[in-house]
file my_file-v8.txt (compact mmCIF, N, CA and C atoms)
# COMPACT_ATOMS: atom_id res chain seq x y z
N MET A 1 100.84 82.57 98.93
CA MET A 1 102.26 82.29 99.02
C MET A 1 102.46 80.81 98.76
N GLN A 2 103.46 80.52 97.96
CA GLN A 2 103.84 79.14 97.71
C GLN A 2 105.33 79.01 97.98
N ILE A 3 105.69 77.97 98.73
CA ILE A 3 107.09 77.72 99.06
C ILE A 3 107.42 76.30 98.62
N TRP A 4 108.61 76.12 98.05
CA TRP A 4 109.04 74.78 97.69
C TRP A 4 110.54 74.64 97.93
N ASN A 5 110.97 73.38 98.05
CA ASN A 5 112.38 73.07 98.26
C ASN A 5 113.19 73.49 97.05
N ASP A 6 114.38 73.99 97.33
CA ASP A 6 115.29 74.34 96.25
C ASP A 6 116.25 73.16 96.08
N SER A 7 117.51 73.40 95.92
CA SER A 7 118.47 72.35 95.58
C SER A 7 118.88 71.45 96.73
N GLN A 8 118.80 71.92 97.99
CA GLN A 8 119.21 71.13 99.16
C GLN A 8 118.25 71.41 100.30
N GLY A 9 118.28 70.52 101.31
CA GLY A 9 117.46 70.74 102.49
C GLY A 9 117.76 72.09 103.14
N GLY A 10 116.74 72.78 103.57
CA GLY A 10 116.88 74.09 104.21
C GLY A 10 116.91 75.24 103.23
N MET A 11 117.06 74.94 101.96
CA MET A 11 117.07 75.98 100.92
C MET A 11 115.72 75.94 100.21
N TYR A 12 115.10 77.12 100.10
CA TYR A 12 113.74 77.23 99.57
C TYR A 12 113.63 78.36 98.56
N LYS A 13 112.54 78.33 97.83
CA LYS A 13 112.13 79.43 96.95
C LYS A 13 110.69 79.75 97.29
N TYR A 14 110.31 81.00 97.03
CA TYR A 14 108.91 81.35 97.25
C TYR A 14 108.37 82.26 96.17
N ASP A 15 107.07 82.08 95.92
CA ASP A 15 106.27 82.97 95.08
C ASP A 15 105.24 83.60 96.00
N PHE A 16 104.87 84.83 95.67
CA PHE A 16 103.87 85.51 96.48
C PHE A 16 102.96 86.33 95.58
N TYR A 17 101.67 86.13 95.74
CA TYR A 17 100.65 86.85 95.00
C TYR A 17 99.88 87.71 96.00
N TYR A 18 99.54 88.92 95.57
CA TYR A 18 98.80 89.81 96.47
C TYR A 18 98.04 90.84 95.65
N GLY A 19 97.19 91.59 96.33
CA GLY A 19 96.40 92.63 95.68
C GLY A 19 97.15 93.94 95.61
N SER A 20 96.45 95.01 95.68
CA SER A 20 97.00 96.35 95.53
C SER A 20 98.06 96.66 96.60
N LEU A 21 99.21 97.12 96.15
CA LEU A 21 100.31 97.53 97.03
C LEU A 21 100.99 98.75 96.43
N GLY A 22 101.53 99.59 97.29
CA GLY A 22 102.32 100.72 96.83
C GLY A 22 103.75 100.30 96.56
N PRO A 23 104.63 101.24 96.27
CA PRO A 23 106.04 100.90 96.06
C PRO A 23 106.69 100.52 97.39
N GLY A 24 107.64 99.62 97.34
CA GLY A 24 108.33 99.22 98.57
C GLY A 24 109.06 97.92 98.42
N GLU A 25 109.12 97.19 99.53
CA GLU A 25 109.83 95.90 99.57
C GLU A 25 108.96 94.87 100.25
N VAL A 26 109.06 93.64 99.75
CA VAL A 26 108.43 92.48 100.38
C VAL A 26 109.56 91.60 100.89
N PHE A 27 109.39 91.05 102.09
CA PHE A 27 110.40 90.17 102.67
C PHE A 27 109.75 89.20 103.64
N LEU A 28 110.50 88.18 104.06
CA LEU A 28 109.99 87.15 104.95
C LEU A 28 110.58 87.26 106.35
N ARG A 29 109.79 86.83 107.32
CA ARG A 29 110.26 86.55 108.68
C ARG A 29 109.76 85.15 109.00
N CYS A 30 110.52 84.42 109.81
CA CYS A 30 110.19 83.03 110.08
C CYS A 30 110.40 82.73 111.56
N TYR A 31 109.50 81.92 112.14
CA TYR A 31 109.56 81.58 113.56
C TYR A 31 109.26 80.10 113.75
N GLU A 32 109.99 79.46 114.65
CA GLU A 32 109.69 78.10 115.04
C GLU A 32 108.35 78.16 115.78
N VAL A 33 107.43 77.29 115.47
CA VAL A 33 106.05 77.42 115.93
C VAL A 33 105.88 77.23 117.43
N THR A 34 106.45 76.19 118.01
CA THR A 34 106.15 75.86 119.40
C THR A 34 106.75 76.85 120.40
N SER A 35 107.92 77.41 120.09
CA SER A 35 108.59 78.34 121.02
C SER A 35 108.64 79.77 120.51
N ASN A 36 108.14 79.99 119.31
CA ASN A 36 108.13 81.33 118.70
C ASN A 36 109.54 81.92 118.58
N ILE A 37 110.52 81.08 118.33
CA ILE A 37 111.92 81.51 118.20
C ILE A 37 112.14 81.99 116.77
N PRO A 38 112.70 83.20 116.58
CA PRO A 38 113.01 83.67 115.21
C PRO A 38 114.04 82.75 114.55
N LEU A 39 113.84 82.47 113.28
CA LEU A 39 114.75 81.61 112.52
C LEU A 39 115.51 82.45 111.49
N SER A 40 116.81 82.29 111.48
CA SER A 40 117.69 82.94 110.50
C SER A 40 117.32 84.42 110.32
N GLU A 41 117.11 85.09 111.43
CA GLU A 41 116.46 86.40 111.46
C GLU A 41 117.03 87.42 110.49
N ASP A 42 118.28 87.80 110.62
CA ASP A 42 118.85 88.83 109.75
C ASP A 42 119.07 88.33 108.33
N ARG A 43 119.58 87.14 108.19
CA ARG A 43 119.85 86.59 106.86
C ARG A 43 118.57 86.41 106.05
N LEU A 44 117.54 85.91 106.71
CA LEU A 44 116.29 85.63 106.01
C LEU A 44 115.67 86.89 105.41
N ILE A 45 115.67 87.96 106.18
CA ILE A 45 115.11 89.23 105.68
C ILE A 45 115.88 89.68 104.44
N GLU A 46 117.19 89.65 104.51
CA GLU A 46 118.01 90.11 103.38
C GLU A 46 117.87 89.20 102.16
N GLU A 47 117.91 87.88 102.38
CA GLU A 47 117.82 86.95 101.25
C GLU A 47 116.47 87.00 100.56
N SER A 48 115.42 87.20 101.33
CA SER A 48 114.07 87.12 100.78
C SER A 48 113.54 88.46 100.27
N ARG A 49 114.27 89.53 100.51
CA ARG A 49 113.81 90.88 100.16
C ARG A 49 113.71 91.08 98.65
N VAL A 50 112.58 91.65 98.22
CA VAL A 50 112.34 91.96 96.81
C VAL A 50 111.74 93.35 96.74
N SER A 51 112.34 94.23 95.93
CA SER A 51 111.76 95.56 95.69
C SER A 51 110.62 95.43 94.70
N ILE A 52 109.53 96.16 94.97
CA ILE A 52 108.37 96.06 94.10
C ILE A 52 107.91 97.45 93.66
N SER A 53 107.32 97.48 92.49
CA SER A 53 106.68 98.68 91.97
C SER A 53 105.22 98.66 92.41
N PRO A 54 104.55 99.80 92.39
CA PRO A 54 103.14 99.81 92.76
C PRO A 54 102.33 98.88 91.85
N GLN A 55 101.36 98.22 92.45
CA GLN A 55 100.45 97.39 91.65
C GLN A 55 99.04 97.66 92.12
N LYS A 56 98.13 97.69 91.18
CA LYS A 56 96.76 98.09 91.47
C LYS A 56 95.78 96.92 91.48
N GLN A 57 96.23 95.74 91.11
CA GLN A 57 95.33 94.59 91.10
C GLN A 57 96.07 93.35 91.58
N PHE A 58 95.31 92.30 91.85
CA PHE A 58 95.88 91.05 92.33
C PHE A 58 96.82 90.48 91.27
N GLY A 59 98.00 90.06 91.71
CA GLY A 59 98.95 89.45 90.78
C GLY A 59 100.20 89.00 91.49
N MET A 60 101.15 88.48 90.72
CA MET A 60 102.41 88.00 91.29
C MET A 60 103.26 89.17 91.73
N VAL A 61 103.71 89.13 92.98
CA VAL A 61 104.56 90.17 93.55
C VAL A 61 106.00 89.67 93.62
N VAL A 62 106.18 88.39 93.98
CA VAL A 62 107.51 87.79 94.10
C VAL A 62 107.52 86.52 93.27
N ASN A 63 108.60 86.31 92.52
CA ASN A 63 108.73 85.16 91.64
C ASN A 63 110.03 84.42 91.91
N LYS A 64 109.92 83.24 92.51
CA LYS A 64 111.06 82.32 92.71
C LYS A 64 112.24 82.97 93.44
N GLN A 65 111.95 83.67 94.51
CA GLN A 65 113.01 84.28 95.33
C GLN A 65 113.54 83.22 96.30
N SER A 66 114.86 83.09 96.39
CA SER A 66 115.49 82.09 97.24
C SER A 66 115.68 82.59 98.67
N PHE A 67 115.63 81.66 99.61
CA PHE A 67 115.99 81.94 101.00
C PHE A 67 116.39 80.64 101.66
N THR A 68 117.09 80.75 102.79
CA THR A 68 117.61 79.58 103.50
C THR A 68 117.24 79.66 104.97
N ILE A 69 116.84 78.53 105.53
CA ILE A 69 116.65 78.40 106.97
C ILE A 69 117.85 77.61 107.48
N TYR A 70 118.62 78.21 108.38
CA TYR A 70 119.88 77.60 108.81
C TYR A 70 119.71 76.71 110.04
N GLU A 71 118.70 76.94 110.86
CA GLU A 71 118.53 76.17 112.08
C GLU A 71 118.03 74.76 111.77
N GLY A 72 118.72 73.76 112.32
CA GLY A 72 118.33 72.37 112.11
C GLY A 72 119.26 71.68 111.12
N ASP A 73 118.89 70.49 110.74
CA ASP A 73 119.67 69.67 109.82
C ASP A 73 118.74 69.07 108.78
N TRP A 74 119.34 68.52 107.73
CA TRP A 74 118.57 67.83 106.72
C TRP A 74 117.77 66.70 107.37
N ASP A 75 116.57 66.52 106.89
CA ASP A 75 115.66 65.46 107.36
C ASP A 75 115.25 65.61 108.82
N ASP A 76 115.55 66.74 109.44
CA ASP A 76 115.09 67.04 110.81
C ASP A 76 114.00 68.11 110.68
N TYR A 77 112.78 67.64 110.41
CA TYR A 77 111.68 68.55 110.08
C TYR A 77 111.01 69.10 111.33
N TYR A 78 110.53 70.33 111.21
CA TYR A 78 109.76 70.96 112.29
C TYR A 78 108.84 72.01 111.68
N ALA A 79 107.90 72.49 112.50
CA ALA A 79 106.92 73.47 112.02
C ALA A 79 107.48 74.89 112.16
N ALA A 80 107.31 75.67 111.11
CA ALA A 80 107.76 77.06 111.11
C ALA A 80 106.64 77.95 110.57
N ARG A 81 106.44 79.07 111.23
CA ARG A 81 105.49 80.07 110.74
C ARG A 81 106.26 81.05 109.86
N ILE A 82 105.89 81.10 108.60
CA ILE A 82 106.56 82.00 107.67
C ILE A 82 105.62 83.17 107.40
N GLU A 83 106.13 84.37 107.63
CA GLU A 83 105.34 85.58 107.48
C GLU A 83 105.86 86.40 106.31
N VAL A 84 104.96 86.99 105.56
CA VAL A 84 105.31 87.90 104.47
C VAL A 84 105.06 89.32 104.96
N TRP A 85 106.08 90.17 104.85
CA TRP A 85 106.01 91.55 105.30
C TRP A 85 106.22 92.50 104.13
N PHE A 86 105.63 93.68 104.26
CA PHE A 86 105.76 94.74 103.27
C PHE A 86 106.27 96.00 103.97
N LYS A 87 107.31 96.61 103.40
CA LYS A 87 107.82 97.90 103.89
C LYS A 87 107.53 98.94 102.82
N ASN A 88 106.66 99.88 103.15
CA ASN A 88 106.25 100.92 102.22
C ASN A 88 107.41 101.89 101.99
N ALA A 89 107.76 102.13 100.73
CA ALA A 89 108.89 103.01 100.38
C ALA A 89 108.60 104.47 100.73
N GLU A 90 107.33 104.86 100.75
CA GLU A 90 107.00 106.25 101.01
C GLU A 90 106.92 106.57 102.49
N THR A 91 106.44 105.62 103.30
CA THR A 91 106.25 105.88 104.73
C THR A 91 107.24 105.14 105.62
N ASN A 92 107.98 104.17 105.07
CA ASN A 92 108.87 103.27 105.83
C ASN A 92 108.12 102.42 106.85
N ARG A 93 106.81 102.38 106.76
CA ARG A 93 106.00 101.58 107.67
C ARG A 93 106.00 100.13 107.21
N GLU A 94 106.18 99.21 108.18
CA GLU A 94 106.15 97.78 107.89
C GLU A 94 104.80 97.21 108.30
N SER A 95 104.27 96.30 107.49
CA SER A 95 103.02 95.64 107.83
C SER A 95 103.07 94.19 107.38
N LYS A 96 102.50 93.32 108.20
CA LYS A 96 102.45 91.90 107.86
C LYS A 96 101.29 91.67 106.91
N LEU A 97 101.57 90.98 105.81
CA LEU A 97 100.56 90.72 104.80
C LEU A 97 99.93 89.34 104.94
N LEU A 98 100.73 88.36 105.38
CA LEU A 98 100.26 86.98 105.40
C LEU A 98 101.16 86.15 106.28
N GLU A 99 100.61 85.11 106.88
CA GLU A 99 101.42 84.12 107.58
C GLU A 99 100.84 82.74 107.34
N LYS A 100 101.73 81.75 107.21
CA LYS A 100 101.33 80.36 107.01
C LYS A 100 102.34 79.48 107.75
N VAL A 101 101.89 78.31 108.16
CA VAL A 101 102.77 77.36 108.82
C VAL A 101 103.19 76.30 107.79
N TYR A 102 104.49 76.03 107.77
CA TYR A 102 105.06 75.05 106.86
C TYR A 102 105.93 74.06 107.63
N ARG A 103 106.14 72.92 107.05
CA ARG A 103 107.10 71.93 107.55
C ARG A 103 108.42 72.24 106.89
N VAL A 104 109.45 72.53 107.70
CA VAL A 104 110.75 72.92 107.15
C VAL A 104 111.86 72.07 107.75
N GLU A 105 113.02 72.18 107.17
CA GLU A 105 114.23 71.56 107.70
C GLU A 105 115.35 72.58 107.57
N GLY A 106 116.39 72.41 108.36
CA GLY A 106 117.52 73.34 108.30
C GLY A 106 118.55 72.93 107.27
N TRP A 107 119.44 73.86 106.98
CA TRP A 107 120.50 73.61 106.01
C TRP A 107 121.76 73.15 106.74
N MET A 108 122.32 72.01 106.30
CA MET A 108 123.55 71.50 106.91
C MET A 108 124.75 72.12 106.22
N ARG A 109 125.67 72.57 107.01
CA ARG A 109 126.90 73.18 106.45
C ARG A 109 127.98 72.16 106.29
call {"tool": "encode", "arguments": {"input": "my_file-v8.txt", "output": "structure tokens"}}
result
Amino acid sequence: MQIWNDSQGGMYKYDFYYGSLGPGEVFLRCYEVTSNIPLSEDRLIEESRVSISPQKQFGMVVNKQSFTIYEGDWDDYYAARIEVWFKNAETNRESKLLEKVYRVEGWMR
């Protein structure tokens, strides 16, 4: 998984590479590291959601999908655990594929 800043603080894009997966959806969940508080819980899932076709080998699953973290302000950085989840279209079962900790900032309105 690779995450980078988009046009403003708190706005991000992500790429995700993975191995064999069935049909379904990939999406993100995010938590503040020290208190394990969910960040932008409902919005983040919807913004980051990508439908995928079955793939049989390692490759790009998500390409430049945008998402926003709303908690915090520009230049107010903190640690966030970003998790990649997969929801299988055939079984509706959700499984966590990966998690990484990143330095993030919130989006100012």
call {"tool": "residues_around", "arguments": {"input": "my_file-v8.txt", "residues": "region 57-74 of chain A", "least_positions_apart": "2", "cutoff": "8 Å", "atoms": "only C-alpha atoms", "output": "ChimeraX atom specification"}}
result
/A:6,9-20,26,39-40,44,47-48,50,52,55,76-77,105-108
call {"tool": "select_by_dssp", "arguments": {"input": "my_file-v8.txt", "residues": "chain A", "states": "alpha helix (DSSP H)", "output": "mmCIF file with N, CA and C atoms, in the frame of the given file"}}
result
data_model
loop_
_atom_site.group_PDB
_atom_site.id
_atom_site.type_symbol
_atom_site.label_atom_id
_atom_site.label_comp_id
_atom_site.auth_asym_id
_atom_site.auth_seq_id
_atom_site.Cartn_x
_atom_site.Cartn_y
_atom_site.Cartn_z
ATOM 1 N N GLU A 41 117.110 85.090 111.430
ATOM 2 C CA GLU A 41 116.460 86.400 111.460
ATOM 3 C C GLU A 41 117.030 87.420 110.490
ATOM 4 N N ASP A 42 118.280 87.800 110.620
ATOM 5 C CA ASP A 42 118.850 88.830 109.750
ATOM 6 C C ASP A 42 119.070 88.330 108.330
ATOM 7 N N ARG A 43 119.580 87.140 108.190
ATOM 8 C CA ARG A 43 119.850 86.590 106.860
ATOM 9 C C ARG A 43 118.570 86.410 106.050
ATOM 10 N N LEU A 44 117.540 85.910 106.710
ATOM 11 C CA LEU A 44 116.290 85.630 106.010
ATOM 12 C C LEU A 44 115.670 86.890 105.410
ATOM 13 N N ILE A 45 115.670 87.960 106.180
ATOM 14 C CA ILE A 45 115.110 89.230 105.680
ATOM 15 C C ILE A 45 115.880 89.680 104.440
ATOM 16 N N GLU A 46 117.190 89.650 104.510
ATOM 17 C CA GLU A 46 118.010 90.110 103.380
ATOM 18 C C GLU A 46 117.870 89.200 102.160
ATOM 19 N N GLU A 47 117.910 87.880 102.380
ATOM 20 C CA GLU A 47 117.820 86.950 101.250
ATOM 21 C C GLU A 47 116.470 87.000 100.560
ATOM 22 N N SER A 48 115.420 87.200 101.330
ATOM 23 C CA SER A 48 114.070 87.120 100.780
ATOM 24 C C SER A 48 113.540 88.460 100.270
#
call {"tool": "atom_distance", "arguments": {"input": "my_file-v8.txt", "atom1": "atom C of Leu21 (chain A)", "atom2": "atom N of Leu98 (chain A)"}}
result
13.7 Å
call {"tool": "select_by_dssp", "arguments": {"input": "my_file-v8.txt", "residues": "chain A", "states": "strand (DSSP E)", "output": "number ranges by chain"}}
result
A: 2-5, 11-18, 24-32, 50-52, 59-68, 78-88, 94-104
call {"tool": "closest_residue", "arguments": {"input": "my_file-v8.txt", "among": "A:Ser51, A:Ile45, A:Leu97, A:Pro38", "to": "Glu83 (chain A)", "atoms": "all atoms listed in the file"}}
result
A:Leu97
call {"tool": "closest_residue", "arguments": {"input": "my_file-v8.txt", "among": "A:Ser53, A:Asn5, A:Arg103, A:Phe27", "to": "Ala89 (chain A)", "atoms": "only C-alpha atoms"}}
result
A:Ser53
call {"tool": "atom_distance", "arguments": {"input": "my_file-v8.txt", "atom1": "CA of Tyr102 (chain A)", "atom2": "atom N of Glu25 (chain A)"}}
result
23.7 Å
call {"tool": "closest_residue", "arguments": {"input": "my_file-v8.txt", "among": "A:Ala79, A:Val84, A:Gln8, A:Gln2", "to": "Leu28 (chain A)", "atoms": "only N, CA and C atoms"}}
result
A:Val84
call {"tool": "atom_distance", "arguments": {"input": "my_file-v8.txt", "atom1": "CA of Arg49 (chain A)", "atom2": "atom N of Cys30 (chain A)"}}
result
12.1 Å
call {"tool": "closest_residue", "arguments": {"input": "my_file-v8.txt", "among": "A:Gly22, A:Tyr31, A:Ser95, A:Arg43", "to": "Lys56 (chain A)", "atoms": "all atoms listed in the file"}}
result
A:Gly22
